[in-house]
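Asks: One structure follows; several queries about it will come next.
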Protein chains: 2
Amino acid sequence: MLSKTVLIIGGNAAGLSAASQVKKIQPGWKVIVYEKGPYISYAGCGMPYFLQGIVSEFEGLLELTPETVVKDRKIELNLHHEVKSVNPVKKEITVKNGGTVETIAFDYLLLATGALPSRRGIEVKHPFSRRVFTLKSLDDMLEISALMEEQKPRRCGVIGGGYIAVEMLEAFQARGLETHLVHRRDQLANTFEPEISAMILEKMKEEGIALDLNRDVLEVAEAGEEIIVRTDKGDLIFDFVLIATGVDPNTAFLQDSGIELGIKGSVVVNKQLQTNFPYIYAAGDCAQTTSIITGQPAYVPLAPKANKEGFIAGANIAGGNEEFAGIGETAITKFADMGIARTGLTQEAAVKSSFDAVKYTFSTSNRPRYYPGGEELYCVCVINRDDGRFLGAQMAGPLDGVKRIDVFALLIQQKMTVGETFKLDLAYAPPFSPVYDPVILAARLGRKHI
Amino acid sequence: MLSKTVLIIGGNAAGLSAASQVKKIQPGWKVIVYEKGPYISYAGCGMPYFLQGIVSEFEGLLELTPETVVKDRKIELNLHHEVKSVNPVKKEITVKNGGTVETIAFDYLLLATGALPSRRGIEVKHPFSRRVFTLKSLDDMLEISALMEEQKPRRCGVIGGGYIAVEMLEAFQARGLETHLVHRRDQLANTFEPEISAMILEKMKEEGIALDLNRDVLEVAEAGEEIIVRTDKGDLIFDFVLIATGVDPNTAFLQDSGIELGIKGSVVVNKQLQTNFPYIYAAGDCAQTTSIITGQPAYVPLAPKANKEGFIAGANIAGGNEEFAGIGETAITKFADMGIARTGLTQEAAVKSSFDAVKYTFSTSNRPRYYPGGEELYCVCVINRDDGRFLGAQMAGPLDGVKRIDVFALLIQQKMTVGETFKLDLAYAPPFSPVYDPVILAARLGRKHI
């Protein structure tokens, strides 16, 4: 095959996974990565733990060094290069580097620009005060860290109800700050079943987090040394504020390109991760995906998807034919010593997708009754009444108990019923689980609901 | 339906699960359980942890009390009743209670007699010395416990190389005894891949266990206060000895009954758990099963199978039509702080079953590199070269890492390939796993072998 030029926009998980795959399969091809920021390939999911002080070295979060990328993997790497536009027909992009704008031609293009923090319409006055943050880039993280070190703030507000909010509430609380959750609903993000949300909020209260719920944030403004969060139920005063209200795909520069955009403006791709221009691919947080449960488009900006899509897009660009069928909406996090995990559909989402969805809950110990150290594991299951298949599961409980969400993730993907699940051969010994593993118990209890 | 009489031989996991199911579905039926010993429904898997001193109350190991069984569940319970024979044609059994032998008629019969320790031809002289043990019943456990409490022994030998041997070596070592493993091979039981066996043996050595390997035990004999284990490589002297060389199905009383027996004399059943007499069922450690991977008969006396088979046999006796397709040979245990798990076929077993089985090994951390507390998780995978499906997996590593064997158990059952497994949506966050979960990594590495 003749040598080709592959341009990759974005130097994080998806972009560099793809770049590495292309060079591995087609060492003679030219692979050029453009990254807007100063860093590549950092562990974004580790940032809350750096800010908590659990991860001590900033450098630990850098997965790949530029040296490895350039010298070992022979990838051309351009930091501080922002791609301003894509012309899919001419197969060109324009790239800005300082004052210079260049046009570069490609044979294949990968869009891997990730996501940007969404502020959901919250107006921030004095955005340069550096005491109102979002947490998406390493720079964000370093600024928050510097503020905590240098200004010794006392009070902080976290606006939002998703994973980052949960993790940063833990981090700030652990750092000894007076920590407030400011959220527009009385439940966390609707990715959590209400029962799980209630358990997390209860745990937050126990740990001393102030819950300012059911508040619409109207504005975040600076007033002298303080940050005022104006809400429909009055003002809240903090020393600094983190806005953690989710992310949007970073695709504004594609708006008029002719590349098809979907949910929230994410790039629409087929199973091969091709856009409507077959030589242009997209992967990671900028790309739309499909729910393997409903078959419907979904937008799920999480790291495992980004890494795998990068790998697959790279393999396909290099001549392969890999497919990525989509995601199961599996996620895990923790708050203090409570593990929290989810997969599949909530009952609400399942009903919206026209399933006759039944929900049931139970709690069980993660050890046999007689074995010491057992802790309560709380489970929410959603099954389809018609055929008894599992549609979703969520768990809250001990850290070493909730990773079994993976078993649910897999059996939901395989469209397994409660009857089939009951008969699974899962591992049992007293130091690891009760004789009816919580997954088996979920199936046994589910049989009553169909 | 007219009232029926259901006789159940054996009052442990399978027997009482079945009895409870029958009464739940057919409250009007007569359900009579015959148990040879003094106890019912005890947690056999908890016995090593009682002997280690982790489980402090003997009563904790009793799952169901006779009161619950008789009063709440309306099951007739006969302790100290040994069934001597079954006449499948006349639908009768003979039962011995003290000096009395009775004949009882049934409409349905469930064989749930469990297993008995196998001594694999090891001759034990002076078997009533009470210093040479097996560990199968609560009485065995209480005798070992009494010996340790009362006689303060110093040296003990464990003969065998399976799960009970591993668990009891941990227990005796933790109790401060000079503990020896005496085994006929230089590897543990062949249910473990050689690499995993080597890691366990290395760990045992580190913990101070003496490894007397490659020794054929010829005889175990008493000599004054001591127990001599005569081997082909010389005598070993202990204060007491545990023979843990596996179990055999407890079916000698069925020898001439006409009920079909299979591997090691286990009762042959179909998917409905019926024997060759459709009104006679078998469940638990006395019953043969099927490998869901090879479709071949298998004998796997483990608790989850017993519980589920009891449930299913009970439901079917009561008029249901449940099927049990078989087992995946999933098992888990630990030695000291090392978790050990397996599922599916070893390479050796896979080759015997005519698979073109490739084995590969890798080790990975159970956390991202930068997150504290990560520990090495060692994995052995066996895949089928023809189609890339997983056939088996084994793990050794941190206690909170090895339960993910369940994901392998399920994907092996579902005949999933390395390519499909790589794309699974498993849960990721730094406190729980690296971004490429060990299961995903196993798939990624497996792609190179097909």
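Letters A, B, ... mark the chains of the structure tokens in the order given; residue numbers begin at 1 per chain; ligand numbers begin at 1, in order shown.
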Can you list, as a PyMOL selection string, all residues belonging to region 114-213 of chain B that DSSP tags as helix (DSSP H, G or I)?
Replies: chain B and resi 127-129+138-151+163-174+194-206
Asks: Using only C-alpha atoms, which residues sit within 7 Å of region 98-114 of chain B once same-chain residues fewer than 3 positions away are excluded, as a list in words?
Replies: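 My list of contacting residues is Lys4, Thr5, Val6, Leu7, Ile8, Ile9, Gly10, Ala14, Gly15, Lys91, Glu92, Ile93, Thr94, Val95, Pro249, Asn250, Tyr279, Ile280, Tyr281, Ala282, Ala283, Gly284, Asp285, Cys286 and Ile317 of chain B.
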Asks: As a ChimeraX atom specification, please: every residue in region 283-394 of chain A that DSSP puts in strand (DSSP E).
Replies: /A:289-290,297-298,331-335,338-344,357-365,376-384,390-394
Asks: Within 7 Å of chain B, which residues belong to chain A? Use only C-alpha atoms and report them as a JSON list (two decimals) with N, CA, C and O atoms, in the first residue's frame.
Replies:
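Wrote selection.json, looks like this:
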[["chain", "number", "residue", "atom", "x", "y", "z"],
["A", 45, "CYS", "N", -9.41, 10.71, 34.71],
["A", 45, "CYS", "CA", -10.17, 10.10, 35.81],
["A", 45, "CYS", "C", -9.39, 10.10, 37.11],
["A", 45, "CYS", "O", -9.96, 9.84, 38.18],
["A", 46, "GLY", "N", -8.09, 10.34, 37.03],
["A", 46, "GLY", "CA", -7.28, 10.39, 38.25],
["A", 46, "GLY", "C", -7.27, 11.76, 38.90],
["A", 46, "GLY", "O", -6.81, 11.90, 40.04],
["A", 55, "VAL", "N", -3.29, 10.68, 45.09],
["A", 55, "VAL", "CA", -2.25, 10.58, 44.06],
["A", 55, "VAL", "C", -1.32, 11.75, 44.32],
["A", 55, "VAL", "O", -1.74, 12.91, 44.27],
["A", 60, "GLY", "N", 2.45, 11.36, 37.65],
["A", 60, "GLY", "CA", 1.84, 10.04, 37.60],
["A", 60, "GLY", "C", 0.65, 9.99, 36.66],
["A", 60, "GLY", "O", 0.32, 8.95, 36.10],
["A", 61, "LEU", "N", 0.00, 11.13, 36.49],
["A", 61, "LEU", "CA", -1.21, 11.17, 35.65],
["A", 61, "LEU", "C", -0.89, 11.21, 34.16],
["A", 61, "LEU", "O", -1.79, 11.08, 33.33],
["A", 303, "ALA", "N", -13.90, 7.05, 29.82],
["A", 303, "ALA", "CA", -12.56, 6.67, 29.36],
["A", 303, "ALA", "C", -12.46, 5.31, 28.66],
["A", 303, "ALA", "O", -11.76, 5.19, 27.66],
["A", 304, "PRO", "N", -13.11, 4.26, 29.16],
["A", 304, "PRO", "CA", -12.92, 2.97, 28.49],
["A", 304, "PRO", "C", -13.41, 3.00, 27.03],
["A", 304, "PRO", "O", -12.76, 2.42, 26.15],
["A", 308, "LYS", "N", -10.95, 2.28, 23.78],
["A", 308, "LYS", "CA", -11.28, 1.21, 22.84],
["A", 308, "LYS", "C", -11.60, 1.77, 21.46],
["A", 308, "LYS", "O", -11.19, 1.21, 20.45],
["A", 324, "PHE", "N", -17.39, -1.60, 16.54],
["A", 324, "PHE", "CA", -17.69, -1.27, 17.93],
["A", 324, "PHE", "C", -19.20, -1.11, 18.03],
["A", 324, "PHE", "O", -19.78, -0.18, 17.49],
["A", 327, "ILE", "N", -22.18, 0.90, 23.71],
["A", 327, "ILE", "CA", -21.88, 0.85, 25.13],
["A", 327, "ILE", "C", -23.09, 0.36, 25.92],
["A", 327, "ILE", "O", -24.23, 0.39, 25.45],
["A", 328, "GLY", "N", -22.80, -0.10, 27.13],
["A", 328, "GLY", "CA", -23.86, -0.59, 28.01],
["A", 328, "GLY", "C", -24.14, 0.36, 29.16],
["A", 328, "GLY", "O", -24.89, 0.01, 30.06],
["A", 330, "THR", "N", -22.12, 1.34, 31.50],
["A", 330, "THR", "CA", -21.53, 0.85, 32.74],
["A", 330, "THR", "C", -20.64, 1.93, 33.32],
["A", 330, "THR", "O", -19.87, 2.56, 32.60],
["A", 331, "ALA", "N", -20.76, 2.14, 34.63],
["A", 331, "ALA", "CA", -19.89, 3.13, 35.28],
["A", 331, "ALA", "C", -19.76, 2.78, 36.75],
["A", 331, "ALA", "O", -20.62, 2.10, 37.32],
["A", 332, "ILE", "N", -18.69, 3.26, 37.33],
["A", 332, "ILE", "CA", -18.42, 2.97, 38.74],
["A", 332, "ILE", "C", -17.74, 4.17, 39.36],
["A", 332, "ILE", "O", -17.03, 4.90, 38.67],
["A", 333, "THR", "N", -18.01, 4.41, 40.61],
["A", 333, "THR", "CA", -17.26, 5.43, 41.33],
["A", 333, "THR", "C", -17.40, 5.13, 42.81],
["A", 333, "THR", "O", -17.88, 4.05, 43.19],
["A", 370, "TYR", "N", -21.97, -15.78, 58.61],
["A", 370, "TYR", "CA", -21.07, -16.16, 59.70],
["A", 370, "TYR", "C", -19.65, -15.65, 59.53],
["A", 370, "TYR", "O", -18.86, -15.71, 60.47],
["A", 371, "TYR", "N", -19.32, -15.18, 58.33],
["A", 371, "TYR", "CA", -17.93, -14.80, 58.06],
["A", 371, "TYR", "C", -17.73, -13.33, 58.42],
["A", 371, "TYR", "O", -18.54, -12.49, 58.03],
["A", 372, "PRO", "N", -16.66, -13.00, 59.13],
["A", 372, "PRO", "CA", -16.53, -11.62, 59.59],
["A", 372, "PRO", "C", -16.27, -10.64, 58.44],
["A", 372, "PRO", "O", -15.78, -11.02, 57.38],
["A", 400, "ASP", "N", -15.22, -3.42, 47.69],
["A", 400, "ASP", "CA", -14.86, -4.68, 47.02],
["A", 400, "ASP", "C", -16.10, -5.47, 46.60],
["A", 400, "ASP", "O", -15.98, -6.61, 46.16],
["A", 406, "ASP", "N", -19.84, -5.64, 36.66],
["A", 406, "ASP", "CA", -19.37, -6.13, 35.36],
["A", 406, "ASP", "C", -20.12, -7.39, 34.92],
["A", 406, "ASP", "O", -20.32, -7.60, 33.72],
["A", 407, "VAL", "N", -20.49, -8.22, 35.88],
["A", 407, "VAL", "CA", -21.23, -9.43, 35.53],
["A", 407, "VAL", "C", -22.61, -9.03, 34.99],
["A", 407, "VAL", "O", -23.08, -9.55, 33.97],
["A", 409, "ALA", "N", -23.23, -6.16, 33.57],
["A", 409, "ALA", "CA", -22.99, -5.50, 32.28],
["A", 409, "ALA", "C", -22.96, -6.53, 31.17],
["A", 409, "ALA", "O", -23.57, -6.36, 30.11],
["A", 423, "LYS", "N", -28.82, -19.60, 37.00],
["A", 423, "LYS", "CA", -28.07, -20.85, 36.84],
["A", 423, "LYS", "C", -26.60, -20.64, 36.51],
["A", 423, "LYS", "O", -25.87, -21.61, 36.27],
["A", 425, "ASP", "N", -22.64, -20.16, 36.75],
["A", 425, "ASP", "CA", -21.66, -20.77, 37.65],
["A", 425, "ASP", "C", -20.66, -19.69, 38.09],
["A", 425, "ASP", "O", -19.60, -19.54, 37.50],
["A", 426, "LEU", "N", -21.03, -18.95, 39.11],
["A", 426, "LEU", "CA", -20.15, -17.89, 39.63],
["A", 426, "LEU", "C", -19.36, -18.41, 40.82],
["A", 426, "LEU", "O", -19.74, -19.38, 41.46],
["A", 427, "ALA", "N", -18.27, -17.72, 41.09],
["A", 427, "ALA", "CA", -17.32, -18.21, 42.10],
["A", 427, "ALA", "C", -17.83, -17.96, 43.51],
["A", 427, "ALA", "O", -18.32, -16.88, 43.83],
["A", 428, "TYR", "N", -17.67, -18.99, 44.34],
["A", 428, "TYR", "CA", -18.07, -18.86, 45.74],
["A", 428, "TYR", "C", -17.01, -19.42, 46.69],
["A", 428, "TYR", "O", -16.54, -20.54, 46.50],
["A", 429, "ALA", "N", -16.66, -18.66, 47.67],
["A", 429, "ALA", "CA", -15.98, -19.12, 48.88],
["A", 429, "ALA", "C", -16.25, -18.04, 49.92],
["A", 429, "ALA", "O", -16.41, -16.86, 49.56],
["A", 430, "PRO", "N", -16.32, -18.43, 51.19],
["A", 430, "PRO", "CA", -16.74, -17.46, 52.21],
["A", 430, "PRO", "C", -15.97, -16.13, 52.23],
["A", 430, "PRO", "O", -16.57, -15.09, 52.49],
["A", 435, "VAL", "N", -23.03, -17.80, 49.48],
["A", 435, "VAL", "CA", -23.16, -18.93, 48.55],
["A", 435, "VAL", "C", -24.06, -18.57, 47.38],
["A", 435, "VAL", "O", -23.80, -18.97, 46.24],
["A", 436, "TYR", "N", -25.11, -17.78, 47.63],
["A", 436, "TYR", "CA", -25.83, -17.16, 46.52],
["A", 436, "TYR", "C", -25.21, -15.79, 46.30],
["A", 436, "TYR", "O", -25.53, -14.83, 47.01]]
Asks: Provide the CA of Leu242 (chain B) to CA of Val220 (chain B) distance in Å, to one decimal place.
Replies: 10.4 Å
Asks: Give me, please, the distance in Å between CA of Gly310 (chain A) and CA of Ile243 (chain A), quoted to one decimal.
Replies: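 Atom-to-atom, CA of Gly310 (chain A) to CA of Ile243 (chain A), that is 28.4 Å.
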Asks: Record the distance separating CA of Leu218 (chain B) and CA of Gly162 (chain B), expressed in Å with one decimal.
Replies: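 Atom-to-atom, CA of Leu218 (chain B) and CA of Gly162 (chain B) are spaced 19.1 Å apart.
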Asks: For Val83 (chain A), which residue among A:Val132, A:Leu254, A:Ala221, A:Val69 is the nearest when counting only C-alpha atoms?
Replies: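 Residue with the minimum atom-to-atom distance to Val83 (chain A): A:Leu254.
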Asks: Which residues of region 156-193 of chain A have any atom within 12 Å of an atom in region 382-396 of chain A when counting only C-alpha atoms, and what is the closest pair of atoms for each, with the distance in Å to one decimal? Order the rows by chain and rising number and write it as CSV.
Replies:
residue,atom,partner,partner_atom,distance
A:Thr191,CA,A:Gln394,CA,9.8
A:Phe192,CA,A:Gln394,CA,7.7
A:Glu193,CA,A:Gln394,CA,7.4
Asks: Since we have the selection now, will you write its residues out, keeping C-alpha atoms, as a PDB file, in the first residue's frame?
Replies:
ATOM      1  CA  THR A 191     -28.029   8.157  35.616  1.00  0.00           C
ATOM      2  CA  PHE A 192     -28.500   7.033  39.241  1.00  0.00           C
ATOM      3  CA  GLU A 193     -31.690   5.292  40.295  1.00  0.00           C
TER       4      GLU A 193
END
